[in-house]
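Structure first, then comments.
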Amino acid sequence: MLLDTPSLYFRAFYGVPESMTAPDGMPVNAVRGLIDMIATLVRDHSPTRLAACMDADWRPAFRVAAIPTYKAHRVATGDEEEVPDTLVPQIPVIEEILDAVGIARLAADGYEADDVIGTLTYREAGAVDIVTGDRDLFQLVDDAKPCRVLYTVRGIRNLQTVDEGFVAHKYGIPGRGYADFATLRGDPSDGLPGVPGVGEKTAATLISRFGSLDKLIATLDEGVQEGFPAGARAKLAAARDYLNVAPAVVKVAHDAPVPDTGLACPTAPLDPDRLVALADRYGLDGPLNRLLSALSSRAAT
């Protein structure tokens with residue numbers, strides 16, 4: 001089980017009231033929410049291996065070089081992401097807790113959590129569950145592996161299971177075609193412009209008709225006129241420069257320099273003394289007890 005940790009702690013931050021505070025008054029809503037999310041996931045899905053994937057770089061230079069608008073609307077100052085003031089100090093606490101519990105916390109210099117997930121999925125020979133609220137990771141679903149996404153759009157207790165069939169039904173594209181589809185359609189939430197004039201329906205038609213973006217571009221470059229919806233060929237030709245660089249931005253990496261470390265789901269805390277100190281300082285006895293109970297119960301099954 002691979003956790004898109006930033007996606008989850010942002011969801012926790014907005015889903016749990018800021019009135020949840022530590023004894024000193026510091027909000028710990030994201031911390032508490034994330035711990036309870038992980039406890040629920042462990043209890044409901046019993047993963048044997050577990051990794052909390054993190055952003056080492058939320059806006060990697062290679063993506064910005066290709067498409068300068070990539071996540072530009074989320075920049076606060078310089079290279080800093082716009083993050084709510086009361087969430088910022090909670091992130092180091094989350095990291096300390098994960099380490100004390102013994103849940104592997106993985107990042108790769110110059111890459112996002114998505115790329116860590118993509119790399120670990122590529123390395124893993126067996127089944128993979130990816131927990132995220134980010135549709136970009138739909139590109140990793142693979143029924144043969146199998147790899148599926150547990151999508152948090154309806155909440156951690158009501159996860160939507162995304163496999164190739166879901167993608168095909170939802171978007172009208174081949175089940176492994178989400179990255180190609182998203183490249184054409186664009187994604188305003190990531191500052192990805194897409195091909196001007198090509199919306200979701202046209203993007204789906206093109207990927208379904210040609211099978212892949214590579215095949216579509218090859219057909220375009222060969223000068224073939226047939227097979228394109230009305231007006232789409234001219235729009236694609238006008239966006240040829242974008243189509244040269246966008247796939248490298250949209251596709252998650254499968255070769256990020258992620259440390260090769262053990263991912264065994266812990267059955268007991270790695271550093272119990274440190275965990276007790278963190279629980280006392282931040283008032284986390286309840287959620288941490290629930291997490292430790294879920295971990296020990298999983299070990300007993």
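Identifiers for the structure tokens are assigned positionally: chains receive A, B, ... in sequence, residues are indexed from 1 per chain, and ligands are indexed from 1 in the order shown.
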- request: List the neighbours of A:Glu81 out to 12 Å using only C-alpha atoms; skip same-chain residues closer than 2 positions along the sequence, and give me the result as JSON, numbers by chain.
  value: {"A": [55, 57, 58, 59, 60, 71, 72, 73, 74, 75, 76, 77, 78, 79, 83, 84, 85, 87, 88]}
Can those selected residues be exported to a file as a PDB file, in the first residue's frame so that it contains C-alpha atoms?
```pdb
ATOM      1  CA  ASP A  55       7.191  15.381  -1.879  1.00  0.00           C
ATOM      2  CA  ASP A  57      10.015  18.825  -4.541  1.00  0.00           C
ATOM      3  CA  TRP A  58       6.366  19.749  -5.024  1.00  0.00           C
ATOM      4  CA  ARG A  59       7.148  21.512  -8.349  1.00  0.00           C
ATOM      5  CA  PRO A  60      10.098  19.728  -9.978  1.00  0.00           C
ATOM      6  CA  LYS A  71       1.513  24.532 -10.636  1.00  0.00           C
ATOM      7  CA  ALA A  72       2.467  28.213 -11.024  1.00  0.00           C
ATOM      8  CA  HIS A  73      -0.825  29.317  -9.475  1.00  0.00           C
ATOM      9  CA  ARG A  74       0.129  27.550  -6.237  1.00  0.00           C
ATOM     10  CA  VAL A  75       3.426  29.391  -5.732  1.00  0.00           C
ATOM     11  CA  ALA A  76       3.540  31.569  -2.618  1.00  0.00           C
ATOM     12  CA  THR A  77       7.003  33.115  -2.958  1.00  0.00           C
ATOM     13  CA  GLY A  78      10.099  31.819  -4.709  1.00  0.00           C
ATOM     14  CA  ASP A  79       9.880  28.056  -4.821  1.00  0.00           C
ATOM     15  CA  VAL A  83       0.197  26.131   2.195  1.00  0.00           C
ATOM     16  CA  PRO A  84      -2.179  27.237   4.987  1.00  0.00           C
ATOM     17  CA  ASP A  85      -0.216  28.775   7.859  1.00  0.00           C
ATOM     18  CA  LEU A  87      -0.763  23.322   8.283  1.00  0.00           C
ATOM     19  CA  VAL A  88       2.915  24.202   7.822  1.00  0.00           C
TER      20      VAL A  88
END
```
task: Based on DSSP run over this structure's backbone, return all residues of stretch 73-274 of chain A in strand (DSSP E or B), as a PyMOL selection string.
output: chain A and resi 75+81+104-106+128-132+142+147-151+160-162+187+192+264
query: Of the candidates A:Ala300, A:Ala66, A:Cys53, A:Ile91, which one gets nearest to A:Phe10 if we count only C-alpha atoms?
result: A:Ile91
- request: Using atom CA of A:Thr121 and atom CA of A:Ala264 as the two end points, give the distance in Å to one decimal.
  value: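 Separation between atom CA of A:Thr121 and atom CA of A:Ala264: 15.2 Å.
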message: Measuring between only C-alpha atoms, which one of A:Leu106, A:Ala218, A:Ala182, A:Ala232 shows the shortest distance to A:Pro259?
response: A:Leu106
message: I'd like the contact shell of stretch 107-113 of chain A - 10 Å cut-off, only C-alpha atoms, skipping same-chain residues fewer than 6 positions apart - returned as a ChimeraX atom specification.
response: /A:2-7,52-63,119,252-253,256-259
Could the residues in this selection be written to a file with N, CA and C atoms, as a PDB file, in the first residue's frame?
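Written file, selection_34.pdb:
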```pdb
ATOM      1  N   LEU A   2       0.675   2.093  -0.989  1.00  0.00           N
ATOM      2  CA  LEU A   2       1.444   3.322  -1.144  1.00  0.00           C
ATOM      3  C   LEU A   2       0.539   4.520  -0.859  1.00  0.00           C
ATOM      4  N   LEU A   3       0.927   5.323   0.108  1.00  0.00           N
ATOM      5  CA  LEU A   3       0.130   6.478   0.512  1.00  0.00           C
ATOM      6  C   LEU A   3       0.637   7.733  -0.181  1.00  0.00           C
ATOM      7  N   ASP A   4      -0.240   8.437  -0.849  1.00  0.00           N
ATOM      8  CA  ASP A   4       0.062   9.775  -1.366  1.00  0.00           C
ATOM      9  C   ASP A   4      -0.107  10.723  -0.179  1.00  0.00           C
ATOM     10  N   THR A   5       0.925  10.792   0.635  1.00  0.00           N
ATOM     11  CA  THR A   5       0.810  11.434   1.943  1.00  0.00           C
ATOM     12  C   THR A   5       0.399  12.903   1.867  1.00  0.00           C
ATOM     13  N   PRO A   6       0.974  13.722   0.968  1.00  0.00           N
ATOM     14  CA  PRO A   6       0.501  15.111   0.905  1.00  0.00           C
ATOM     15  C   PRO A   6      -0.992  15.214   0.581  1.00  0.00           C
ATOM     16  N   SER A   7      -1.470  14.389  -0.347  1.00  0.00           N
ATOM     17  CA  SER A   7      -2.896  14.387  -0.667  1.00  0.00           C
ATOM     18  C   SER A   7      -3.718  14.070   0.578  1.00  0.00           C
ATOM     19  N   ALA A  52       4.720   5.600   3.187  1.00  0.00           N
ATOM     20  CA  ALA A  52       4.195   6.965   3.140  1.00  0.00           C
ATOM     21  C   ALA A  52       5.074   7.748   2.172  1.00  0.00           C
ATOM     22  N   CYS A  53       4.558   8.057   1.006  1.00  0.00           N
ATOM     23  CA  CYS A  53       5.322   8.721  -0.049  1.00  0.00           C
ATOM     24  C   CYS A  53       5.177  10.230   0.089  1.00  0.00           C
ATOM     25  N   MET A  54       6.290  10.939  -0.003  1.00  0.00           N
ATOM     26  CA  MET A  54       6.336  12.371   0.286  1.00  0.00           C
ATOM     27  C   MET A  54       6.867  13.158  -0.919  1.00  0.00           C
ATOM     28  N   ASP A  55       6.587  14.462  -0.915  1.00  0.00           N
ATOM     29  CA  ASP A  55       7.191  15.381  -1.879  1.00  0.00           C
ATOM     30  C   ASP A  55       8.566  15.812  -1.376  1.00  0.00           C
ATOM     31  N   ALA A  56       9.612  15.556  -2.157  1.00  0.00           N
ATOM     32  CA  ALA A  56      10.888  16.226  -1.893  1.00  0.00           C
ATOM     33  C   ALA A  56      10.907  17.552  -2.648  1.00  0.00           C
ATOM     34  N   ASP A  57      10.145  17.605  -3.738  1.00  0.00           N
ATOM     35  CA  ASP A  57      10.015  18.825  -4.541  1.00  0.00           C
ATOM     36  C   ASP A  57       8.600  18.828  -5.102  1.00  0.00           C
ATOM     37  N   TRP A  58       7.771  19.739  -4.613  1.00  0.00           N
ATOM     38  CA  TRP A  58       6.366  19.749  -5.024  1.00  0.00           C
ATOM     39  C   TRP A  58       6.199  20.250  -6.457  1.00  0.00           C
ATOM     40  N   ARG A  59       7.228  20.931  -7.002  1.00  0.00           N
ATOM     41  CA  ARG A  59       7.148  21.512  -8.349  1.00  0.00           C
ATOM     42  C   ARG A  59       8.498  21.289  -9.033  1.00  0.00           C
ATOM     43  N   PRO A  60       8.765  20.075  -9.480  1.00  0.00           N
ATOM     44  CA  PRO A  60      10.098  19.728  -9.978  1.00  0.00           C
ATOM     45  C   PRO A  60      10.544  20.587 -11.160  1.00  0.00           C
ATOM     46  N   ALA A  61      11.846  20.878 -11.168  1.00  0.00           N
ATOM     47  CA  ALA A  61      12.414  21.757 -12.194  1.00  0.00           C
ATOM     48  C   ALA A  61      12.209  21.209 -13.593  1.00  0.00           C
ATOM     49  N   PHE A  62      12.285  19.892 -13.773  1.00  0.00           N
ATOM     50  CA  PHE A  62      12.159  19.335 -15.124  1.00  0.00           C
ATOM     51  C   PHE A  62      10.748  19.537 -15.665  1.00  0.00           C
ATOM     52  N   ARG A  63       9.753  19.561 -14.791  1.00  0.00           N
ATOM     53  CA  ARG A  63       8.382  19.806 -15.254  1.00  0.00           C
ATOM     54  C   ARG A  63       8.169  21.292 -15.555  1.00  0.00           C
ATOM     55  N   THR A 119       7.526   4.995  -9.081  1.00  0.00           N
ATOM     56  CA  THR A 119       8.758   4.208  -9.039  1.00  0.00           C
ATOM     57  C   THR A 119       8.579   2.944  -8.212  1.00  0.00           C
ATOM     58  N   VAL A 252       3.950  10.122 -14.508  1.00  0.00           N
ATOM     59  CA  VAL A 252       4.747   9.993 -13.292  1.00  0.00           C
ATOM     60  C   VAL A 252       6.000   9.189 -13.615  1.00  0.00           C
ATOM     61  N   ALA A 253       7.062   9.522 -12.916  1.00  0.00           N
ATOM     62  CA  ALA A 253       8.332   8.832 -13.147  1.00  0.00           C
ATOM     63  C   ALA A 253       8.259   7.395 -12.638  1.00  0.00           C
ATOM     64  N   ALA A 256      12.620   7.333 -10.428  1.00  0.00           N
ATOM     65  CA  ALA A 256      13.105   8.317  -9.465  1.00  0.00           C
ATOM     66  C   ALA A 256      14.066   7.640  -8.485  1.00  0.00           C
ATOM     67  N   PRO A 257      15.050   8.385  -7.955  1.00  0.00           N
ATOM     68  CA  PRO A 257      16.043   7.777  -7.046  1.00  0.00           C
ATOM     69  C   PRO A 257      15.482   7.551  -5.641  1.00  0.00           C
ATOM     70  N   VAL A 258      14.511   6.667  -5.557  1.00  0.00           N
ATOM     71  CA  VAL A 258      13.871   6.354  -4.281  1.00  0.00           C
ATOM     72  C   VAL A 258      14.738   5.338  -3.537  1.00  0.00           C
ATOM     73  N   PRO A 259      15.056   5.583  -2.272  1.00  0.00           N
ATOM     74  CA  PRO A 259      15.875   4.621  -1.533  1.00  0.00           C
ATOM     75  C   PRO A 259      15.247   3.239  -1.525  1.00  0.00           C
TER      76      PRO A 259
END
```
Shortest interatomic distance to A:Ile38 - which of A:Gly191, A:Gly25, A:Gly186, A:Ile103, counting only C-alpha atoms: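 Ranked by minimum distance to A:Ile38, first place goes to A:Ile103.
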- prompt: What is the distance between atom CA of A:Ala294 and atom CA of A:Pro27, in Å to one decimal?
  reply: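 So the answer is 24.7 Å.
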task: Extract, using only C-alpha atoms, all DNA, RNA and protein residues at most 9 Å from A:Arg281, discarding same-chain residues fewer than 2 positions from it, and format them as a PyMOL selection string.
output: chain A and resi 22-24+276-279+283-284
field: Interatomic distance (Å, one decimal) between atom CA of A:Gly155 and atom CA of A:Tyr70
entry: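 Taking atom CA of A:Gly155 and atom CA of A:Tyr70, their separation equals 27.3 Å.
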message: For the structure I just gave you, how does DSSP split stretch 29-241 of chain A - specifically, which residues are helix (DSSP H, G or I)? Reply as a ChimeraX atom specification.
response: /A:29-45,61-66,72-74,90-101,113-123,135-140,164-171,178-185,188-190,200-210,213-221,232-238,240-241
What are the nearest atom pairs, with distances in Å to one decimal, for all residues of stretch 117-136 of chain A that come at most 12 Å from stretch 11-15 of chain A, using only C-alpha atoms, set out by chain and rising residue number as a tab-separated table?
```
residue	atom	partner	partner_atom	distance
A:Thr132	CA	A:Arg11	CA	9.8
A:Gly133	CA	A:Arg11	CA	8.2
A:Asp134	CA	A:Arg11	CA	10.9
```
Filtering to C-alpha atoms, could you give me those residues as a CSV table (one decimal), in the first residue's frame?
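Produced file out_15.csv, reproduced below:
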```csv
chain,number,residue,atom,x,y,z
A,132,THR,CA,-4.8,9.2,-3.1
A,133,GLY,CA,-7.2,11.9,-3.9
A,134,ASP,CA,-5.3,12.8,-7.1
```
Contacts of A:Leu295 at 9 Å (only C-alpha atoms; same-chain gap of 4+ positions) as a VMD selection string: chain A and resid 39 42 to 43 46 265 to 268 290 to 291 299 to 300
Excluding stretch 140-145 of chain A and any residue of its chain fewer than 4 positions from it, enumerate the residues within 8 Å of it, using only C-alpha atoms, and give them as a PDB file with N, CA, C and O atoms, in the first residue's frame.
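So selection_5.pdb came out as:
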```pdb
ATOM      1  N   GLY A 118       5.030   6.092  -8.415  1.00  0.00           N
ATOM      2  CA  GLY A 118       5.240   5.466  -9.714  1.00  0.00           C
ATOM      3  C   GLY A 118       6.455   4.554  -9.719  1.00  0.00           C
ATOM      4  O   GLY A 118       6.423   3.454 -10.280  1.00  0.00           O
ATOM      5  N   THR A 121       5.776   1.435  -7.564  1.00  0.00           N
ATOM      6  CA  THR A 121       4.851   0.560  -8.293  1.00  0.00           C
ATOM      7  C   THR A 121       5.586  -0.207  -9.378  1.00  0.00           C
ATOM      8  O   THR A 121       5.375  -1.413  -9.571  1.00  0.00           O
ATOM      9  N   ALA A 125       6.800  -6.368  -7.706  1.00  0.00           N
ATOM     10  CA  ALA A 125       6.351  -7.481  -8.545  1.00  0.00           C
ATOM     11  C   ALA A 125       4.912  -7.875  -8.253  1.00  0.00           C
ATOM     12  O   ALA A 125       4.228  -8.408  -9.129  1.00  0.00           O
ATOM     13  N   GLY A 126       4.439  -7.619  -7.039  1.00  0.00           N
ATOM     14  CA  GLY A 126       3.102  -8.058  -6.648  1.00  0.00           C
ATOM     15  C   GLY A 126       2.068  -6.948  -6.716  1.00  0.00           C
ATOM     16  O   GLY A 126       2.280  -5.891  -7.316  1.00  0.00           O
ATOM     17  N   ALA A 127       0.946  -7.209  -6.075  1.00  0.00           N
ATOM     18  CA  ALA A 127      -0.194  -6.286  -6.102  1.00  0.00           C
ATOM     19  C   ALA A 127       0.126  -4.997  -5.358  1.00  0.00           C
ATOM     20  O   ALA A 127       0.840  -5.005  -4.354  1.00  0.00           O
ATOM     21  N   VAL A 128      -0.425  -3.892  -5.854  1.00  0.00           N
ATOM     22  CA  VAL A 128      -0.208  -2.571  -5.268  1.00  0.00           C
ATOM     23  C   VAL A 128      -1.546  -1.856  -5.127  1.00  0.00           C
ATOM     24  O   VAL A 128      -2.348  -1.828  -6.071  1.00  0.00           O
ATOM     25  N   VAL A 149      -6.100   2.051  -7.678  1.00  0.00           N
ATOM     26  CA  VAL A 149      -6.120   3.263  -6.863  1.00  0.00           C
ATOM     27  C   VAL A 149      -7.322   3.196  -5.927  1.00  0.00           C
ATOM     28  O   VAL A 149      -8.441   2.897  -6.367  1.00  0.00           O
ATOM     29  N   VAL A 162     -10.469   2.189  -8.075  1.00  0.00           N
ATOM     30  CA  VAL A 162     -10.250   2.553  -9.479  1.00  0.00           C
ATOM     31  C   VAL A 162      -9.330   1.520 -10.111  1.00  0.00           C
ATOM     32  O   VAL A 162      -8.185   1.337  -9.693  1.00  0.00           O
ATOM     33  N   ASP A 163      -9.854   0.829 -11.116  1.00  0.00           N
ATOM     34  CA  ASP A 163      -9.066  -0.107 -11.908  1.00  0.00           C
ATOM     35  C   ASP A 163      -9.252   0.251 -13.377  1.00  0.00           C
ATOM     36  O   ASP A 163      -9.820   1.311 -13.701  1.00  0.00           O
ATOM     37  N   GLU A 164      -8.785  -0.597 -14.271  1.00  0.00           N
ATOM     38  CA  GLU A 164      -8.899  -0.273 -15.697  1.00  0.00           C
ATOM     39  C   GLU A 164     -10.363  -0.150 -16.134  1.00  0.00           C
ATOM     40  O   GLU A 164     -10.705   0.713 -16.955  1.00  0.00           O
ATOM     41  N   GLY A 175      -8.262   1.495 -20.581  1.00  0.00           N
ATOM     42  CA  GLY A 175      -8.034   1.543 -19.138  1.00  0.00           C
ATOM     43  C   GLY A 175      -6.663   2.002 -18.714  1.00  0.00           C
ATOM     44  O   GLY A 175      -6.485   2.517 -17.604  1.00  0.00           O
ATOM     45  N   ARG A 176      -5.672   1.856 -19.596  1.00  0.00           N
ATOM     46  CA  ARG A 176      -4.314   2.286 -19.283  1.00  0.00           C
ATOM     47  C   ARG A 176      -4.001   3.642 -19.917  1.00  0.00           C
ATOM     48  O   ARG A 176      -2.840   4.058 -19.918  1.00  0.00           O
TER      49      ARG A 176
END
```
- request: For each of A:Gln225, A:Gln139, A:Ser297, A:Thr152, take the minimum atom-to-atom distance to A:His254, counting only C-alpha atoms, then give the residue where this is smallest.
  value: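 Under the stated criterion, the closest residue is A:Gln139.
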- prompt: With only C-alpha atoms as the basis for distance, which of A:Gly223, A:Gly262, A:Pro193, A:Gly177 is at the shortest distance from A:Arg209?
  reply: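 Nearest to A:Arg209: A:Gly177.
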